[in-house]
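Undergrad: Following this line is run-v3.pdb, made up of PDB, C-alpha atoms:
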```pdb
MODEL        1
ATOM      1  CA  MET A 496     -16.601 -54.342  19.736
ATOM      2  CA  SER A 497     -14.025 -51.664  18.963
ATOM      3  CA  ALA A 498     -14.034 -48.269  17.341
ATOM      4  CA  GLY A 499     -11.013 -49.194  15.274
ATOM      5  CA  GLN A 500      -7.443 -47.977  15.292
ATOM      6  CA  GLY A 501      -7.204 -44.203  15.636
ATOM      7  CA  GLY A 502     -10.842 -43.784  14.648
ATOM      8  CA  GLY A 503     -11.751 -41.135  17.252
ATOM      9  CA  LYS A 504     -10.719 -37.566  17.789
ATOM     10  CA  GLY A 505      -8.046 -38.620  20.222
ATOM     11  CA  GLY A 506      -6.619 -41.454  18.132
ATOM     12  CA  GLY A 507      -5.066 -44.288  20.125
ATOM     13  CA  ARG A 508      -6.041 -47.937  20.311
ATOM     14  CA  GLY A 509      -9.769 -47.503  19.843
ATOM     15  CA  ILE A 510     -12.713 -48.037  22.162
ATOM     16  CA  GLU A 511     -14.006 -51.360  23.445
ATOM     17  CA  VAL A 512     -17.101 -52.407  25.358
ATOM     18  CA  ARG A 513     -15.146 -52.234  28.629
ATOM     19  CA  HIS A 514     -14.728 -48.471  28.179
ATOM     20  CA  LEU A 515     -18.477 -48.034  27.830
ATOM     21  CA  ARG A 516     -19.194 -50.300  30.792
ATOM     22  CA  ALA A 517     -16.809 -48.284  32.972
ATOM     23  CA  PHE A 518     -18.453 -45.011  31.948
ATOM     24  CA  LEU A 519     -21.952 -46.383  32.581
ATOM     25  CA  ALA A 520     -20.923 -47.672  36.006
ATOM     26  CA  ILE A 521     -19.540 -44.254  36.934
ATOM     27  CA  ALA A 522     -22.704 -42.580  35.645
ATOM     28  CA  ASP A 523     -24.876 -44.931  37.706
ATOM     29  CA  GLU A 524     -22.843 -44.797  40.907
ATOM     30  CA  GLY A 525     -21.728 -41.161  40.869
ATOM     31  CA  SER A 526     -18.336 -42.314  42.116
ATOM     32  CA  VAL A 527     -15.265 -43.913  40.577
ATOM     33  CA  THR A 528     -14.686 -45.864  43.780
ATOM     34  CA  ARG A 529     -18.177 -47.394  43.801
ATOM     35  CA  ALA A 530     -17.972 -48.020  40.067
ATOM     36  CA  ALA A 531     -14.704 -49.897  40.587
ATOM     37  CA  THR A 532     -16.296 -52.028  43.292
ATOM     38  CA  ARG A 533     -19.244 -52.809  41.045
ATOM     39  CA  LEU A 534     -16.955 -53.746  38.152
ATOM     40  CA  ARG A 535     -14.522 -55.632  40.444
ATOM     41  CA  LEU A 536     -11.644 -53.485  39.235
ATOM     42  CA  THR A 537      -9.274 -51.093  40.968
ATOM     43  CA  GLN A 538     -10.044 -47.392  41.103
ATOM     44  CA  PRO A 539      -6.955 -46.396  39.014
ATOM     45  CA  VAL A 540      -7.993 -48.832  36.270
ATOM     46  CA  VAL A 541     -11.498 -47.356  36.089
ATOM     47  CA  SER A 542     -10.129 -43.795  36.097
ATOM     48  CA  ARG A 543      -7.718 -44.608  33.269
ATOM     49  CA  THR A 544     -10.482 -46.294  31.298
ATOM     50  CA  LEU A 545     -12.708 -43.225  31.580
ATOM     51  CA  ALA A 546      -9.836 -40.934  30.638
ATOM     52  CA  ALA A 547      -9.119 -43.043  27.567
ATOM     53  CA  LEU A 548     -12.756 -42.865  26.498
ATOM     54  CA  GLU A 549     -12.854 -39.083  26.940
ATOM     55  CA  LYS A 550      -9.591 -38.684  25.030
ATOM     56  CA  HIS A 551     -10.944 -40.791  22.190
ATOM     57  CA  LEU A 552     -14.160 -38.766  21.995
ATOM     58  CA  GLY A 553     -12.432 -35.439  22.520
ATOM     59  CA  VAL A 554     -14.951 -34.316  25.188
ATOM     60  CA  ARG A 555     -15.353 -34.378  28.953
ATOM     61  CA  LEU A 556     -18.065 -36.826  29.964
ATOM     62  CA  VAL A 557     -17.787 -36.493  33.741
ATOM     63  CA  ASP A 558     -17.440 -33.362  35.874
ATOM     64  CA  ARG A 559     -14.827 -34.149  38.530
ATOM     65  CA  SER A 560     -14.987 -30.751  40.259
ATOM     66  CA  THR A 561     -17.241 -31.973  43.083
ATOM     67  CA  HIS A 562     -17.051 -34.871  45.537
ATOM     68  CA  HIS A 563     -20.098 -36.469  43.909
ATOM     69  CA  LEU A 564     -19.248 -36.911  40.251
ATOM     70  CA  ALA A 565     -21.825 -35.633  37.775
ATOM     71  CA  LEU A 566     -22.213 -36.056  34.043
ATOM     72  CA  THR A 567     -21.499 -33.104  31.800
ATOM     73  CA  PRO A 568     -24.152 -32.261  29.172
ATOM     74  CA  GLU A 569     -22.033 -34.249  26.704
ATOM     75  CA  GLY A 570     -21.947 -37.120  29.187
ATOM     76  CA  VAL A 571     -25.739 -37.121  29.545
ATOM     77  CA  ALA A 572     -26.145 -37.280  25.766
ATOM     78  CA  PHE A 573     -23.492 -39.985  25.430
ATOM     79  CA  ARG A 574     -24.924 -42.115  28.239
ATOM     80  CA  ASP A 575     -27.974 -43.177  26.233
ATOM     81  CA  LYS A 576     -25.793 -43.983  23.218
ATOM     82  CA  ALA A 577     -23.396 -46.000  25.375
ATOM     83  CA  ALA A 578     -26.254 -47.859  27.048
ATOM     84  CA  ALA A 579     -27.801 -48.667  23.677
ATOM     85  CA  ALA A 580     -24.459 -49.882  22.316
ATOM     86  CA  VAL A 581     -23.741 -52.070  25.339
ATOM     87  CA  GLY A 582     -27.333 -53.324  25.292
ATOM     88  CA  ALA A 583     -27.074 -54.312  21.634
ATOM     89  CA  PHE A 584     -23.785 -56.092  22.324
ATOM     90  CA  ASP A 585     -25.196 -57.959  25.309
ATOM     91  CA  GLU A 586     -28.339 -58.894  23.417
ATOM     92  CA  ALA A 587     -26.222 -60.368  20.641
ATOM     93  CA  VAL A 588     -23.747 -62.358  22.730
ATOM     94  CA  GLY A 589     -25.346 -62.703  26.153
ATOM     95  CA  PRO A 590     -29.063 -61.892  26.532
ATOM     96  CA  GLU A 591     -28.978 -62.760  30.235
ATOM     97  CA  ARG A 592     -26.683 -59.822  31.008
ATOM     98  CA  LEU A 593     -29.087 -57.308  29.452
ATOM     99  CA  ARG A 594     -32.066 -58.572  31.427
ATOM    100  CA  HIS A 595     -30.183 -58.069  34.684
ATOM    101  CA  ARG A 596     -29.430 -54.349  34.209
ATOM    102  CA  PRO A 597     -31.548 -52.331  36.700
ATOM    103  CA  LEU A 598     -34.179 -49.946  35.397
ATOM    104  CA  ARG A 599     -33.825 -46.725  37.408
ATOM    105  CA  LEU A 600     -37.049 -44.798  38.017
ATOM    106  CA  GLY A 601     -36.633 -41.347  39.545
ATOM    107  CA  HIS A 602     -39.072 -39.156  41.450
ATOM    108  CA  ALA A 603     -38.741 -35.909  43.373
ATOM    109  CA  TRP A 604     -41.521 -36.664  45.879
ATOM    110  CA  SER A 605     -44.552 -38.947  46.272
ATOM    111  CA  ALA A 606     -43.360 -41.339  43.529
ATOM    112  CA  PHE A 607     -46.415 -42.884  41.785
ATOM    113  CA  GLY A 608     -48.776 -41.855  44.558
ATOM    114  CA  PRO A 609     -51.286 -44.602  45.463
ATOM    115  CA  TYR A 610     -50.020 -46.729  42.599
ATOM    116  CA  THR A 611     -46.430 -46.940  43.873
ATOM    117  CA  THR A 612     -46.711 -50.248  45.732
ATOM    118  CA  PRO A 613     -48.790 -51.994  43.023
ATOM    119  CA  LEU A 614     -46.247 -50.881  40.411
ATOM    120  CA  LEU A 615     -43.251 -52.202  42.347
ATOM    121  CA  ARG A 616     -44.912 -55.481  43.329
ATOM    122  CA  THR A 617     -46.290 -56.240  39.870
ATOM    123  CA  TRP A 618     -42.962 -55.423  38.223
ATOM    124  CA  GLN A 619     -41.076 -57.694  40.604
ATOM    125  CA  ARG A 620     -43.498 -60.527  39.916
ATOM    126  CA  ARG A 621     -43.438 -60.174  36.135
ATOM    127  CA  HIS A 622     -39.838 -59.116  35.540
ATOM    128  CA  PRO A 623     -37.754 -60.590  38.391
ATOM    129  CA  LEU A 624     -34.537 -60.505  36.335
ATOM    130  CA  THR A 625     -34.743 -56.737  35.716
ATOM    131  CA  PRO A 626     -34.698 -54.859  39.047
ATOM    132  CA  LEU A 627     -36.814 -51.699  39.167
ATOM    133  CA  GLU A 628     -34.966 -49.191  41.356
ATOM    134  CA  LEU A 629     -37.041 -46.292  42.702
ATOM    135  CA  ARG A 630     -34.796 -43.296  43.413
ATOM    136  CA  ARG A 631     -35.807 -40.018  45.057
ATOM    137  CA  ILE A 632     -33.749 -37.147  43.640
ATOM    138  CA  ASP A 633     -34.442 -33.545  44.632
ATOM    139  CA  ASP A 634     -34.479 -32.064  41.157
ATOM    140  CA  ARG A 635     -37.290 -30.820  38.915
ATOM    141  CA  THR A 636     -36.774 -33.782  36.555
ATOM    142  CA  ALA A 637     -35.710 -36.203  39.328
ATOM    143  CA  GLY A 638     -32.255 -36.624  37.796
ATOM    144  CA  LEU A 639     -33.544 -37.499  34.315
ATOM    145  CA  THR A 640     -31.875 -34.651  32.424
ATOM    146  CA  ARG A 641     -28.595 -35.364  34.270
ATOM    147  CA  GLY A 642     -28.628 -39.010  33.216
ATOM    148  CA  GLU A 643     -29.025 -40.330  36.772
ATOM    149  CA  VAL A 644     -32.192 -42.318  35.970
ATOM    150  CA  ASP A 645     -33.742 -43.991  32.938
ATOM    151  CA  ALA A 646     -37.245 -42.611  33.490
ATOM    152  CA  ALA A 647     -38.961 -40.376  36.026
ATOM    153  CA  LEU A 648     -42.359 -39.818  37.610
ATOM    154  CA  LEU A 649     -42.932 -36.063  37.553
ATOM    155  CA  ARG A 650     -45.743 -33.693  38.475
ATOM    156  CA  GLY A 651     -46.917 -30.572  36.721
ATOM    157  CA  PRO A 652     -45.713 -29.211  33.390
ATOM    158  CA  VAL A 653     -42.076 -29.961  32.563
ATOM    159  CA  ASP A 654     -40.316 -27.661  30.104
ATOM    160  CA  ALA A 655     -36.914 -29.390  29.961
ATOM    161  CA  PRO A 656     -35.851 -30.000  26.352
ATOM    162  CA  GLY A 657     -35.161 -33.475  25.053
ATOM    163  CA  LEU A 658     -37.794 -35.244  27.165
ATOM    164  CA  VAL A 659     -40.793 -37.313  26.106
ATOM    165  CA  THR A 660     -43.660 -37.202  28.623
ATOM    166  CA  GLU A 661     -46.985 -38.952  29.023
ATOM    167  CA  VAL A 662     -49.752 -37.977  31.453
ATOM    168  CA  LEU A 663     -50.775 -41.061  33.437
ATOM    169  CA  PHE A 664     -53.365 -39.503  35.751
ATOM    170  CA  THR A 665     -54.208 -36.269  37.548
ATOM    171  CA  GLU A 666     -54.261 -35.545  41.278
ATOM    172  CA  ASN A 667     -56.243 -33.061  43.288
ATOM    173  CA  ARG A 668     -54.220 -30.632  45.375
ATOM    174  CA  VAL A 669     -54.210 -30.291  49.135
ATOM    175  CA  ALA A 670     -53.146 -27.624  51.581
ATOM    176  CA  ALA A 671     -50.524 -28.551  54.165
ATOM    177  CA  VAL A 672     -50.788 -26.566  57.392
ATOM    178  CA  ALA A 673     -49.430 -26.756  60.930
ATOM    179  CA  ALA A 674     -51.376 -29.423  62.809
ATOM    180  CA  ASP A 675     -51.786 -27.155  65.839
ATOM    181  CA  GLY A 676     -52.572 -24.021  63.840
ATOM    182  CA  PRO A 677     -55.981 -22.375  63.212
ATOM    183  CA  LEU A 678     -56.246 -23.562  59.579
ATOM    184  CA  ALA A 679     -56.125 -27.200  60.688
ATOM    185  CA  ALA A 680     -59.560 -26.751  62.282
ATOM    186  CA  HIS A 681     -61.171 -26.474  58.815
ATOM    187  CA  ARG A 682     -62.363 -29.528  56.874
ATOM    188  CA  SER A 683     -61.292 -27.934  53.600
ATOM    189  CA  LEU A 684     -59.483 -24.781  52.575
ATOM    190  CA  SER A 685     -59.244 -22.387  49.650
ATOM    191  CA  LEU A 686     -56.313 -20.579  48.109
ATOM    192  CA  ALA A 687     -57.581 -17.381  49.711
ATOM    193  CA  ASP A 688     -57.374 -19.029  53.148
ATOM    194  CA  LEU A 689     -53.638 -19.533  52.619
ATOM    195  CA  ALA A 690     -52.931 -16.062  51.247
ATOM    196  CA  GLY A 691     -53.173 -14.309  54.596
ATOM    197  CA  ASP A 692     -49.883 -15.782  55.798
ATOM    198  CA  ALA A 693     -46.594 -17.023  54.345
ATOM    199  CA  VAL A 694     -46.513 -19.914  51.878
ATOM    200  CA  VAL A 695     -43.633 -22.391  51.833
ATOM    201  CA  LEU A 696     -42.350 -23.084  48.311
ATOM    202  CA  ASN A 697     -40.024 -25.899  47.290
ATOM    203  CA  THR A 698     -38.201 -24.124  44.462
ATOM    204  CA  VAL A 699     -35.957 -27.073  43.542
ATOM    205  CA  SER A 700     -38.333 -29.986  42.992
ATOM    206  CA  GLY A 701     -41.794 -28.644  43.828
ATOM    207  CA  THR A 702     -44.516 -27.508  41.448
ATOM    208  CA  THR A 703     -46.261 -24.771  43.443
ATOM    209  CA  THR A 704     -45.478 -21.165  42.518
ATOM    210  CA  LEU A 705     -47.176 -17.847  43.200
ATOM    211  CA  ASP A 706     -48.846 -18.174  39.784
ATOM    212  CA  LEU A 707     -51.291 -20.583  41.439
ATOM    213  CA  TRP A 708     -52.976 -17.545  43.052
ATOM    214  CA  PRO A 709     -54.680 -14.661  41.208
ATOM    215  CA  ARG A 710     -52.237 -11.805  40.754
ATOM    216  CA  ASP A 711     -54.216  -9.511  43.044
ATOM    217  CA  ALA A 712     -54.653 -12.122  45.809
ATOM    218  CA  ARG A 713     -51.232 -13.683  46.283
ATOM    219  CA  PRO A 714     -49.809 -14.696  49.688
ATOM    220  CA  VAL A 715     -48.328 -11.919  51.788
ATOM    221  CA  ALA A 716     -44.932 -13.659  52.051
ATOM    222  CA  THR A 717     -43.035 -16.732  50.894
ATOM    223  CA  LEU A 718     -40.427 -19.020  52.408
ATOM    224  CA  THR A 719     -38.318 -21.034  49.972
ATOM    225  CA  VAL A 720     -36.832 -24.481  50.673
ATOM    226  CA  ALA A 721     -34.933 -27.022  48.580
ATOM    227  CA  ASN A 722     -36.614 -30.374  49.285
ATOM    228  CA  THR A 723     -39.715 -32.075  50.655
ATOM    229  CA  ASP A 724     -38.226 -32.751  54.102
ATOM    230  CA  ASP A 725     -37.432 -29.073  54.686
ATOM    231  CA  TRP A 726     -40.873 -28.149  53.313
ATOM    232  CA  LEU A 727     -42.578 -30.367  55.900
ATOM    233  CA  THR A 728     -40.368 -29.117  58.722
ATOM    234  CA  ALA A 729     -41.117 -25.470  57.954
ATOM    235  CA  ILE A 730     -44.865 -26.088  57.845
ATOM    236  CA  ALA A 731     -44.852 -28.098  61.080
ATOM    237  CA  ALA A 732     -42.970 -25.245  62.742
ATOM    238  CA  GLY A 733     -45.738 -22.813  61.778
ATOM    239  CA  ARG A 734     -43.563 -20.802  59.401
ATOM    240  CA  GLY A 735     -46.123 -21.020  56.608
ATOM    241  CA  ALA A 736     -48.573 -23.235  54.737
ATOM    242  CA  GLY A 737     -47.935 -25.312  51.632
ATOM    243  CA  VAL A 738     -49.715 -26.704  48.595
ATOM    244  CA  SER A 739     -49.035 -30.137  47.159
ATOM    245  CA  ALA A 740     -50.571 -33.119  45.381
ATOM    246  CA  ALA A 741     -53.081 -35.246  47.268
ATOM    247  CA  SER A 742     -50.756 -38.261  47.345
ATOM    248  CA  THR A 743     -48.298 -36.276  49.466
ATOM    249  CA  ALA A 744     -50.628 -36.768  52.420
ATOM    250  CA  ASP A 745     -50.207 -40.557  52.166
ATOM    251  CA  MET A 746     -46.596 -40.697  51.023
ATOM    252  CA  HIS A 747     -45.269 -38.041  53.432
ATOM    253  CA  PRO A 748     -47.264 -38.138  56.686
ATOM    254  CA  HIS A 749     -45.923 -35.852  59.417
ATOM    255  CA  ALA A 750     -47.126 -35.536  63.001
ATOM    256  CA  GLY A 751     -46.871 -31.752  62.844
ATOM    257  CA  VAL A 752     -48.615 -31.310  59.479
ATOM    258  CA  ALA A 753     -52.326 -31.522  58.669
ATOM    259  CA  TYR A 754     -53.468 -31.973  55.058
ATOM    260  CA  ARG A 755     -56.776 -30.474  53.942
ATOM    261  CA  PRO A 756     -58.534 -30.564  50.535
ATOM    262  CA  LEU A 757     -57.951 -27.437  48.466
ATOM    263  CA  ALA A 758     -61.182 -27.065  46.573
ATOM    264  CA  ASP A 759     -60.350 -24.230  44.157
ATOM    265  CA  ALA A 760     -56.865 -25.332  43.026
ATOM    266  CA  PRO A 761     -56.525 -26.967  39.589
ATOM    267  CA  PRO A 762     -55.540 -30.657  39.506
ATOM    268  CA  LEU A 763     -51.931 -31.663  38.980
ATOM    269  CA  PRO A 764     -50.907 -34.023  36.140
ATOM    270  CA  VAL A 765     -48.618 -36.936  36.976
ATOM    271  CA  LEU A 766     -46.228 -37.703  34.128
ATOM    272  CA  LEU A 767     -43.968 -40.550  33.146
ATOM    273  CA  ALA A 768     -40.951 -38.976  31.448
ATOM    274  CA  ARG A 769     -37.949 -40.361  29.559
ATOM    275  CA  ARG A 770     -35.258 -38.906  27.379
ATOM    276  CA  ASP A 771     -35.915 -38.690  23.654
ATOM    277  CA  GLY A 772     -33.619 -41.319  22.201
ATOM    278  CA  PRO A 773     -32.441 -44.847  22.825
ATOM    279  CA  GLY A 774     -32.792 -45.882  26.439
ATOM    280  CA  HIS A 775     -33.165 -48.897  28.678
ATOM    281  CA  PRO A 776     -34.729 -51.777  26.713
ATOM    282  CA  ALA A 777     -37.319 -52.366  29.452
ATOM    283  CA  LEU A 778     -38.800 -48.855  29.211
ATOM    284  CA  PRO A 779     -41.714 -49.897  26.942
ATOM    285  CA  ARG A 780     -42.689 -52.536  29.510
ATOM    286  CA  LEU A 781     -42.595 -49.927  32.286
ATOM    287  CA  VAL A 782     -44.822 -47.541  30.340
ATOM    288  CA  ALA A 783     -47.306 -50.339  29.579
ATOM    289  CA  LEU A 784     -47.410 -51.489  33.200
ATOM    290  CA  ALA A 785     -47.887 -47.956  34.538
ATOM    291  CA  ARG A 786     -50.870 -47.469  32.224
ATOM    292  CA  GLU A 787     -52.285 -50.859  33.191
ATOM    293  CA  ILE A 788     -52.059 -50.191  36.923
ATOM    294  CA  VAL A 789     -53.729 -46.779  36.669
ATOM    295  CA  ASP A 790     -56.589 -48.303  34.670
ATOM    296  CA  ARG A 791     -56.889 -51.298  37.011
ATOM    297  CA  GLU A 792     -56.597 -49.574  40.373
TER     298      GLU A 792
ENDMDL
END
```
Hey, can you dump this file as structure tokens for me?
TA:
Amino acid sequence: MSAGQGGGKGGGRGIEVRHLRAFLAIADEGSVTRAATRLRLTQPVVSRTLAALEKHLGVRLVDRSTHHLALTPEGVAFRDKAAAAVGAFDEAVGPERLRHRPLRLGHAWSAFGPYTTPLLRTWQRRHPLTPLELRRIDDRTAGLTRGEVDAALLRGPVDAPGLVTEVLFTENRVAAVAADGPLAAHRSLSLADLAGDAVVLNTVSGTTTLDLWPRDARPVATLTVANTDDWLTAIAAGRGAGVSAASTADMHPHAGVAYRPLADAPPLPVLLARRDGPGHPALPRLVALAREIVDRE
């Protein structure tokens, strides 16, 4: 497979499958060094291959300004096209290679809730040649819009453009309070019970905002954090209470945090999201299995 002689914006010798494989490895690994190890090439070779691809396309695909490489918006858009092209090539000349490419499933917290283990076990049993990699990424779309995963399990409404989402089930919400605090003595709590003190908000990957409370009855103060671990730590330290999905109690137990039902909070939808366009060939199987497990369990 080649783009031809001088067919791109940058001219040159054209693009081959190896250029796309190098770019996809860098996108997956977030590092030229790790991509080189995965491809069994040297780091300079992989860097030159990426540079040649970018020159041919006339755009920057990878942002090299940070230690952890990230895809540019053009790189995110190109990743799906590159994956589809390499997938079509592999399907034509070597179907075994395509079946071995991992399917990366992102989540920001709590994964698939109570269905996480059944999903992973059933997938492994039915599709042993296609690894399903569960990746926690502290981002509202769990790395999906940045091209770090092929699909993502998300909670609450997601407004990011270019995504296709499907509601798989809904979860009740719970309050998370300090285990040795006065609110932990209650069997259940209300939003009003939490409003008399500070509320801890995960503004990077969480779904709770002040809009959950009536405008005239909002919490007296807020404390913002950037991930689930810091959210739990702040609550355990008595710096405020939190609100989350019910599965958080099972997926993120903490000795210093007590979870209580939150009777008057609306339920939270759990979504399976993917980018709108060509993606990993196993995505339809993942969607079907997720639906099956929710119905079965």
Undergrad: Take the PyMOL selection byres ((chain A and resi 771) around 6), run it mentally on this structure, and tell me the resulting residues as a count of residues only.
TA: 5
Undergrad: Atom CA of A:Ala768 to atom CA of A:His747: how many Å, to one decimal?
TA: 22.4 Å
Undergrad: What does the structure give for the distance between atom CA of A:Val699 and atom CA of A:Glu643, in Å to one decimal?
TA: 16.4 Å
Undergrad: Distance atom CA of A:Arg631-atom CA of A:Val581, one decimal place?
TA: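 Separating atom CA of A:Arg631 from atom CA of A:Val581 is a distance of 26.1 Å.
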Undergrad: Might you spell out which residues the PyMOL selection byres ((chain A and resi 702) around 7) would select in the displayed file, as a list of chain:residue names?
TA: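 When the PyMOL selection byres ((chain A and resi 702) around 7) is applied to the shown file, the picked residues are A:Arg650, A:Gly651, A:Ser700, A:Gly701, A:Thr703, A:Thr704.
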Undergrad: Just so the selection is clear, what residues does the PyMOL selection byres ((chain A and resi 775) around 8) cover here, as number ranges by chain?
TA: A: 578-579, 598, 645, 773-774, 776-778
Undergrad: Could you give me the centre and size, in Å to one decimal, of an axis-aligned box around all listed atoms of stretch 678-697 of chain A with 5 Å added on every side, as AutoDock Vina command-line options?
TA:
```
--center_x -51.2 --center_y -21.9 --center_z 54.8 --size_x 32.3 --size_y 25.2 --size_z 25.0
```
Undergrad: Determine the nearest neighbour of A:Pro613 from the options A:Ala637, A:Leu766, A:Ala785, A:Ala690, counting all atoms listed in the file.
TA: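 Selected residue with least distance to A:Pro613: A:Ala785.
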Undergrad: Identify the residues around (-57.3, -35.0, 38.9) within a radius of 12 Å, measuring from all atoms listed in the file in the coordinates stated by the file, and give them as a VMD selection string.
TA: chain A and resid 650 to 651 662 to 669 740 to 742 758 760 to 765
